[in-house]
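query-v5.cif, holding mmCIF, C-alpha atoms:
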```cif
data_final
loop_
_atom_site.group_PDB
_atom_site.id
_atom_site.type_symbol
_atom_site.label_atom_id
_atom_site.label_comp_id
_atom_site.auth_asym_id
_atom_site.auth_seq_id
_atom_site.Cartn_x
_atom_site.Cartn_y
_atom_site.Cartn_z
ATOM 1 C CA MET P 1328 29.395 11.980 61.761
ATOM 2 C CA ALA P 1329 32.723 10.130 61.647
ATOM 3 C CA ARG P 1330 30.933 7.041 60.360
ATOM 4 C CA ARG P 1331 29.292 9.057 57.550
ATOM 5 C CA LEU P 1332 32.686 10.513 56.574
ATOM 6 C CA ALA P 1333 34.224 7.023 56.523
ATOM 7 C CA ILE P 1334 31.435 5.726 54.287
ATOM 8 C CA LEU P 1335 31.700 8.777 52.028
ATOM 9 C CA GLY P 1336 35.465 8.262 51.815
ATOM 10 C CA ARG P 1337 34.990 4.630 50.788
ATOM 11 C CA ILE P 1338 32.418 5.594 48.150
ATOM 12 C CA GLN P 1339 34.690 8.297 46.751
ATOM 13 C CA GLY P 1340 37.622 5.853 46.733
ATOM 14 C CA LEU P 1341 35.509 3.257 44.974
ATOM 15 C CA SER P 1342 34.271 5.849 42.477
ATOM 16 C CA LEU P 1343 37.843 6.937 41.745
ATOM 17 C CA ALA P 1344 38.921 3.318 41.284
ATOM 18 C CA MET P 1345 35.964 2.686 38.946
ATOM 19 C CA LEU P 1346 36.725 5.850 36.976
ATOM 20 C CA LEU P 1347 40.387 4.910 36.588
ATOM 21 C CA SER P 1348 39.440 1.378 35.583
ATOM 22 C CA TRP P 1349 36.932 2.652 33.017
ATOM 23 C CA SER P 1350 39.343 5.231 31.641
ATOM 24 C CA CYS P 1351 42.047 2.604 31.207
ATOM 25 C CA PHE P 1352 39.991 -0.378 30.101
ATOM 26 C CA GLY P 1353 36.344 0.507 29.465
ATOM 27 C CA CYS P 1354 36.881 2.989 26.679
ATOM 28 C CA GLY P 1355 39.711 0.945 25.231
ATOM 29 C CA VAL P 1356 42.125 3.807 24.672
ATOM 30 C CA LEU P 1357 45.309 2.917 26.457
ATOM 31 C CA THR P 1358 48.033 5.424 25.888
ATOM 32 C CA GLY P 1359 51.527 4.100 25.553
ATOM 33 C CA ASN P 1360 50.578 0.798 23.914
ATOM 34 C CA PRO P 1361 52.135 1.005 20.439
ATOM 35 C CA ASN P 1362 50.560 -2.308 19.436
ATOM 36 C CA VAL P 1363 47.061 -0.816 19.273
ATOM 37 C CA GLU P 1364 47.919 1.456 16.364
ATOM 38 C CA LYS P 1365 50.286 -1.082 14.790
ATOM 39 C CA TYR P 1366 47.627 -3.820 14.636
ATOM 40 C CA SER P 1367 44.524 -1.718 13.933
ATOM 41 C CA ALA P 1368 43.824 -0.367 10.436
ATOM 42 C CA LYS P 1369 47.537 -0.182 9.616
ATOM 43 C CA MET P 1370 47.567 -3.986 9.409
ATOM 44 C CA ASN P 1371 44.456 -4.301 7.247
ATOM 45 C CA GLN P 1372 46.356 -4.774 3.960
ATOM 46 C CA ASP P 1373 48.236 -7.654 5.564
ATOM 47 C CA ARG P 1374 44.914 -9.085 6.759
ATOM 48 C CA ILE P 1375 43.503 -8.919 3.229
ATOM 49 C CA LYS P 1376 46.529 -10.868 1.914
ATOM 50 C CA ARG P 1377 45.853 -13.575 4.514
ATOM 51 C CA LYS P 1378 42.089 -13.542 3.822
ATOM 52 C CA LEU P 1379 41.285 -12.253 7.308
ATOM 53 C CA PRO P 1380 38.536 -9.755 8.129
ATOM 54 C CA ILE P 1381 39.847 -6.214 8.540
ATOM 55 C CA VAL P 1382 39.398 -3.941 11.565
ATOM 56 C CA PRO P 1383 36.745 -1.441 10.386
ATOM 57 C CA GLY P 1384 37.331 2.217 11.222
ATOM 58 C CA ASN P 1385 34.209 2.430 13.405
ATOM 59 C CA TRP P 1386 35.220 -0.471 15.689
ATOM 60 C CA THR P 1387 36.551 0.422 19.117
ATOM 61 C CA VAL P 1388 39.325 -1.068 21.197
ATOM 62 C CA TYR P 1389 37.854 -2.332 24.443
ATOM 63 C CA SER P 1390 40.972 -3.995 25.827
ATOM 64 C CA ALA P 1391 44.618 -3.408 25.035
ATOM 65 C CA LEU P 1392 47.119 -5.356 27.029
ATOM 66 C CA ARG P 1393 50.762 -5.971 26.183
ATOM 67 C CA THR P 1394 49.991 -9.315 24.517
ATOM 68 C CA GLN P 1395 46.293 -8.979 23.642
ATOM 69 C CA ILE P 1396 44.140 -6.414 21.841
ATOM 70 C CA ASP P 1397 40.349 -6.716 21.545
ATOM 71 C CA TRP P 1398 38.092 -4.724 19.213
ATOM 72 C CA VAL P 1399 34.316 -4.631 19.306
ATOM 73 C CA ASN P 1400 31.684 -3.765 16.713
ATOM 74 C CA PRO P 1401 29.721 -0.863 18.320
ATOM 75 C CA PRO P 1402 26.245 -2.402 17.672
ATOM 76 C CA PHE P 1403 27.390 -5.454 19.665
ATOM 77 C CA GLN P 1404 27.636 -3.257 22.774
ATOM 78 C CA ASP P 1405 24.268 -1.556 22.252
ATOM 79 C CA PRO P 1406 21.432 -3.287 24.166
ATOM 80 C CA VAL P 1407 19.020 -2.506 21.307
ATOM 81 C CA THR P 1408 21.126 -4.014 18.501
ATOM 82 C CA TYR P 1409 22.906 -6.702 20.575
ATOM 83 C CA PRO P 1410 22.346 -10.084 18.840
ATOM 84 C CA GLY P 1411 20.836 -11.664 21.953
ATOM 85 C CA THR P 1412 18.060 -9.060 22.101
ATOM 86 C CA SER P 1413 17.712 -7.965 18.472
ATOM 87 C CA GLY P 1414 17.948 -11.402 16.866
ATOM 88 C CA LYS P 1415 20.322 -9.855 14.329
ATOM 89 C CA ALA P 1416 23.396 -11.801 13.234
ATOM 90 C CA MET P 1417 26.687 -9.904 13.220
ATOM 91 C CA HIS P 1418 30.471 -9.930 13.230
ATOM 92 C CA ALA P 1419 30.921 -8.902 16.861
ATOM 93 C CA THR P 1420 34.560 -8.922 17.946
ATOM 94 C CA LYS P 1421 38.164 -9.359 16.871
ATOM 95 C CA GLN P 1422 41.031 -10.352 19.145
ATOM 96 C CA ILE P 1423 44.728 -10.517 18.355
ATOM 97 C CA LEU P 1424 47.149 -12.305 20.656
ATOM 98 C CA LEU P 1425 50.804 -11.297 20.493
ATOM 99 C CA ASP P 1426 53.908 -13.241 21.467
ATOM 100 C CA ALA P 1427 56.436 -11.910 23.995
ATOM 101 C CA ASP P 1428 58.172 -9.933 21.225
ATOM 102 C CA GLY P 1429 54.934 -8.218 20.170
ATOM 103 C CA ASN P 1430 54.472 -10.254 16.970
ATOM 104 C CA PRO P 1431 51.049 -11.687 16.046
ATOM 105 C CA ASP P 1432 50.464 -15.196 17.377
ATOM 106 C CA GLN P 1433 46.777 -15.642 16.549
ATOM 107 C CA GLU P 1434 43.773 -13.580 15.506
ATOM 108 C CA THR P 1435 40.178 -14.541 16.326
ATOM 109 C CA ASP P 1436 36.975 -13.156 14.839
ATOM 110 C CA THR P 1437 33.721 -13.945 16.635
ATOM 111 C CA TYR P 1438 30.317 -13.849 14.978
ATOM 112 C CA TYR P 1439 26.855 -14.230 16.546
ATOM 113 C CA SER P 1440 23.835 -15.784 14.814
ATOM 114 C CA GLY P 1441 21.320 -13.726 16.801
ATOM 115 C CA LYS P 1442 19.790 -16.926 18.211
ATOM 116 C CA LYS P 1443 19.840 -18.011 21.834
ATOM 117 C CA ASN P 1444 20.032 -21.653 22.833
ATOM 118 C CA HIS P 1445 20.371 -23.590 26.076
ATOM 119 C CA GLY P 1446 23.991 -24.027 27.085
ATOM 120 C CA VAL P 1447 25.494 -27.447 27.708
ATOM 121 C CA ASP P 1448 25.417 -26.740 31.446
ATOM 122 C CA PRO P 1449 21.756 -26.843 32.586
ATOM 123 C CA ASP P 1450 22.400 -23.901 34.938
ATOM 124 C CA SER P 1451 23.793 -21.674 32.183
ATOM 125 C CA GLY P 1452 20.395 -20.683 30.812
ATOM 126 C CA PHE P 1453 20.123 -19.319 27.288
ATOM 127 C CA LEU P 1454 23.368 -18.308 25.572
ATOM 128 C CA GLY P 1455 24.071 -16.646 22.233
ATOM 129 C CA GLU P 1456 24.968 -18.983 19.392
ATOM 130 C CA SER P 1457 28.385 -17.946 18.098
ATOM 131 C CA ILE P 1458 31.280 -19.036 15.970
ATOM 132 C CA SER P 1459 34.908 -18.109 16.610
ATOM 133 C CA ILE P 1460 37.343 -18.356 13.719
ATOM 134 C CA THR P 1461 41.013 -18.243 14.647
ATOM 135 C CA TYR P 1462 43.964 -17.730 12.310
ATOM 136 C CA ASN P 1463 47.253 -19.032 13.746
ATOM 137 C CA TYR P 1464 50.162 -16.933 12.469
ATOM 138 C CA GLN P 1465 52.742 -19.386 13.828
ATOM 139 C CA SER P 1466 51.350 -22.114 11.557
ATOM 140 C CA GLU P 1467 52.695 -20.200 8.564
ATOM 141 C CA LYS P 1468 56.184 -21.088 9.795
ATOM 142 C CA ASN P 1469 55.610 -24.485 11.406
ATOM 143 C CA ASP P 1470 52.910 -26.951 10.359
ATOM 144 C CA PHE P 1471 53.224 -28.865 13.621
ATOM 145 C CA VAL P 1472 52.288 -26.053 16.010
ATOM 146 C CA LYS P 1473 48.554 -25.609 15.392
ATOM 147 C CA PRO P 1474 46.321 -25.802 12.350
ATOM 148 C CA LEU P 1475 46.270 -22.600 10.304
ATOM 149 C CA TRP P 1476 42.518 -22.200 11.005
ATOM 150 C CA GLN P 1477 40.536 -23.212 14.084
ATOM 151 C CA CYS P 1478 36.755 -22.773 13.933
ATOM 152 C CA ASP P 1479 34.432 -23.451 16.860
ATOM 153 C CA VAL P 1480 30.655 -23.057 17.124
ATOM 154 C CA SER P 1481 29.315 -22.504 20.634
ATOM 155 C CA CYS P 1482 25.798 -23.067 21.898
ATOM 156 C CA GLY P 1483 23.929 -24.191 18.823
ATOM 157 C CA PRO P 1484 22.896 -27.224 16.809
ATOM 158 C CA GLU P 1485 26.261 -27.222 15.012
ATOM 159 C CA GLU P 1486 28.297 -26.877 18.203
ATOM 160 C CA GLY P 1487 31.880 -28.116 17.942
ATOM 161 C CA GLU P 1488 34.945 -27.775 15.743
ATOM 162 C CA HIS P 1489 34.643 -27.110 12.011
ATOM 163 C CA THR P 1490 36.883 -26.533 9.002
ATOM 164 C CA ILE P 1491 37.155 -23.026 7.561
ATOM 165 C CA ASP P 1492 34.900 -24.058 4.626
ATOM 166 C CA GLU P 1493 32.260 -25.424 7.006
ATOM 167 C CA ALA P 1494 32.509 -22.269 9.137
ATOM 168 C CA GLU P 1495 31.951 -20.065 6.093
ATOM 169 C CA ALA P 1496 28.908 -22.166 5.133
ATOM 170 C CA ILE P 1497 27.482 -21.736 8.661
ATOM 171 C CA LEU P 1498 28.035 -17.971 8.485
ATOM 172 C CA LYS P 1499 26.315 -17.883 5.098
ATOM 173 C CA ARG P 1500 23.265 -19.634 6.607
ATOM 174 C CA TRP P 1501 23.287 -16.950 9.327
ATOM 175 C CA GLY P 1502 23.367 -14.246 6.632
ATOM 176 C CA ILE P 1503 26.934 -13.122 7.383
ATOM 177 C CA GLN P 1504 30.018 -12.981 5.191
ATOM 178 C CA ARG P 1505 33.265 -13.871 6.964
ATOM 179 C CA LEU P 1506 35.252 -11.245 5.094
ATOM 180 C CA ASN P 1507 34.046 -7.692 5.661
ATOM 181 C CA TYR P 1508 35.374 -6.341 2.365
ATOM 182 C CA GLN P 1509 34.886 -7.151 -1.301
ATOM 183 C CA VAL P 1510 37.354 -9.629 -2.763
ATOM 184 C CA VAL P 1511 38.288 -8.510 -6.254
ATOM 185 C CA PRO P 1512 39.410 -11.402 -8.466
ATOM 186 C CA PRO P 1513 42.842 -10.851 -10.071
ATOM 187 C CA LYS P 1514 42.846 -9.700 -13.692
ATOM 188 C CA ASN P 1515 44.374 -12.117 -16.213
#
```
Could you rewrite the structure in this file as structure tokens?
Amino acid sequence: MARRLAILGRIQGLSLAMLLSWSCFGCGVLTGNPNVEKYSAKMNQDRIKRKLPIVPGNWTVYSALRTQIDWVNPPFQDPVTYPGTSGKAMHATKQILLDADGNPDQETDTYYSGKKNHGVDPDSGFLGESISITYNYQSEKNDFVKPLWQCDVSCGPEEGEHTIDEAEAILKRWGIQRLNYQVVPPKN
């Protein structure tokens, strides 16, 4: 009987730990982190000025740390619409990294082609072909820190680093637009 109670206690403790972990990280709603609201939709006008994709209202925060916030496109989490199983290309995630003062350091948008290819490592099996496009905020102030844009394709025939123009051409071939809003040309 004592053994059963000990096992039950461990299971309940584990369940409580899992529940707390999910409530803090899994659902993405971390109370007390002012950066989540500051860098969500409130920053979208600034993103448009920099020609960055916005954070759509239906995206959810799935991680919010002091110096990192991650958003996910809900269909990316759904096993039915996930690119690896549906074959559908999509803009999947957005991540913003903050410096120690809470200012944006870099912002990365990741897109999936919907195709699976063998990874470089023979033991990795099939992996989703993706492209990550990073905007480096610090490059606006200092040209010697990092390039303004860094674009990397993973696990596909075009694997490697690319320019922003090349990355947009790859996305176009995948049937995706990098910017998730309409760009209205200025009136003369």
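If only C-alpha atoms are the atoms counted, then among P:Ser1466, P:Thr1461, P:Gln1504, P:Asn1385 the closest residue to P:Glu1488 is P:Thr1461.
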Run the PyMOL selection byres ((chain P and resi 1436) around 12) mentally over the shown coordinates, then write out the matched residues as a PDB file with C-alpha atoms, keeping the file's coordinate frame, using the chain letters and numbers from the document.
```pdb
ATOM      1  CA  LEU P1379      41.285 -12.253   7.308  1.00  0.00           C
ATOM      2  CA  PRO P1380      38.536  -9.755   8.129  1.00  0.00           C
ATOM      3  CA  ILE P1381      39.847  -6.214   8.540  1.00  0.00           C
ATOM      4  CA  VAL P1382      39.398  -3.941  11.565  1.00  0.00           C
ATOM      5  CA  ASP P1397      40.349  -6.716  21.545  1.00  0.00           C
ATOM      6  CA  TRP P1398      38.092  -4.724  19.213  1.00  0.00           C
ATOM      7  CA  VAL P1399      34.316  -4.631  19.306  1.00  0.00           C
ATOM      8  CA  ASN P1400      31.684  -3.765  16.713  1.00  0.00           C
ATOM      9  CA  MET P1417      26.687  -9.904  13.220  1.00  0.00           C
ATOM     10  CA  HIS P1418      30.471  -9.930  13.230  1.00  0.00           C
ATOM     11  CA  ALA P1419      30.921  -8.902  16.861  1.00  0.00           C
ATOM     12  CA  THR P1420      34.560  -8.922  17.946  1.00  0.00           C
ATOM     13  CA  LYS P1421      38.164  -9.359  16.871  1.00  0.00           C
ATOM     14  CA  GLN P1422      41.031 -10.352  19.145  1.00  0.00           C
ATOM     15  CA  ILE P1423      44.728 -10.517  18.355  1.00  0.00           C
ATOM     16  CA  LEU P1424      47.149 -12.305  20.656  1.00  0.00           C
ATOM     17  CA  GLN P1433      46.777 -15.642  16.549  1.00  0.00           C
ATOM     18  CA  GLU P1434      43.773 -13.580  15.506  1.00  0.00           C
ATOM     19  CA  THR P1435      40.178 -14.541  16.326  1.00  0.00           C
ATOM     20  CA  THR P1437      33.721 -13.945  16.635  1.00  0.00           C
ATOM     21  CA  TYR P1438      30.317 -13.849  14.978  1.00  0.00           C
ATOM     22  CA  TYR P1439      26.855 -14.230  16.546  1.00  0.00           C
ATOM     23  CA  SER P1457      28.385 -17.946  18.098  1.00  0.00           C
ATOM     24  CA  ILE P1458      31.280 -19.036  15.970  1.00  0.00           C
ATOM     25  CA  SER P1459      34.908 -18.109  16.610  1.00  0.00           C
ATOM     26  CA  ILE P1460      37.343 -18.356  13.719  1.00  0.00           C
ATOM     27  CA  THR P1461      41.013 -18.243  14.647  1.00  0.00           C
ATOM     28  CA  TYR P1462      43.964 -17.730  12.310  1.00  0.00           C
ATOM     29  CA  ASN P1463      47.253 -19.032  13.746  1.00  0.00           C
ATOM     30  CA  TRP P1476      42.518 -22.200  11.005  1.00  0.00           C
ATOM     31  CA  GLN P1477      40.536 -23.212  14.084  1.00  0.00           C
ATOM     32  CA  CYS P1478      36.755 -22.773  13.933  1.00  0.00           C
ATOM     33  CA  ASP P1479      34.432 -23.451  16.860  1.00  0.00           C
ATOM     34  CA  VAL P1480      30.655 -23.057  17.124  1.00  0.00           C
ATOM     35  CA  ALA P1494      32.509 -22.269   9.137  1.00  0.00           C
ATOM     36  CA  LEU P1498      28.035 -17.971   8.485  1.00  0.00           C
ATOM     37  CA  GLN P1504      30.018 -12.981   5.191  1.00  0.00           C
ATOM     38  CA  ARG P1505      33.265 -13.871   6.964  1.00  0.00           C
ATOM     39  CA  LEU P1506      35.252 -11.245   5.094  1.00  0.00           C
ATOM     40  CA  ASN P1507      34.046  -7.692   5.661  1.00  0.00           C
TER      41      ASN P1507
END
```
Using the file's own x, y and z axes, so that the box edges lie along x, y and z, what centre and edge lengths in Å (one decimal) does a box around every listed atom of stretch 1392-1405 of chain P get when 6 Å is added on each side? Give it as lines of an AutoDock Vina configuration file.
```
center_x = 37.5
center_y = -5.1
center_z = 21.9
size_x = 38.5
size_y = 20.5
size_z = 22.3
```
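All residues of protein, DNA or RNA that reach within 8 Å of P:Val1363, judged by all atoms listed in the file and not counting those fewer than 2 positions away in the chain, are Asn1360, Pro1361, Lys1365, Tyr1366, Ser1367, Val1388, Ala1391 and Ile1396 of chain P.
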- Message: Give me, as a PyMOL selection string, all polymer residues having an atom no more than 9 Å from stretch 1407-1411 of chain P, counting all atoms listed in the file and skipping those fewer than 6 positions away in the same chain.
- Response: chain P and resi 1417+1419+1439-1443+1454-1456
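From atom CA of P:Lys1415 back to atom CA of P:Asp1492, the distance works out to 22.5 Å.
The space separating atom CA of P:Glu1467 from atom CA of P:Gln1509 comes to 24.2 Å.
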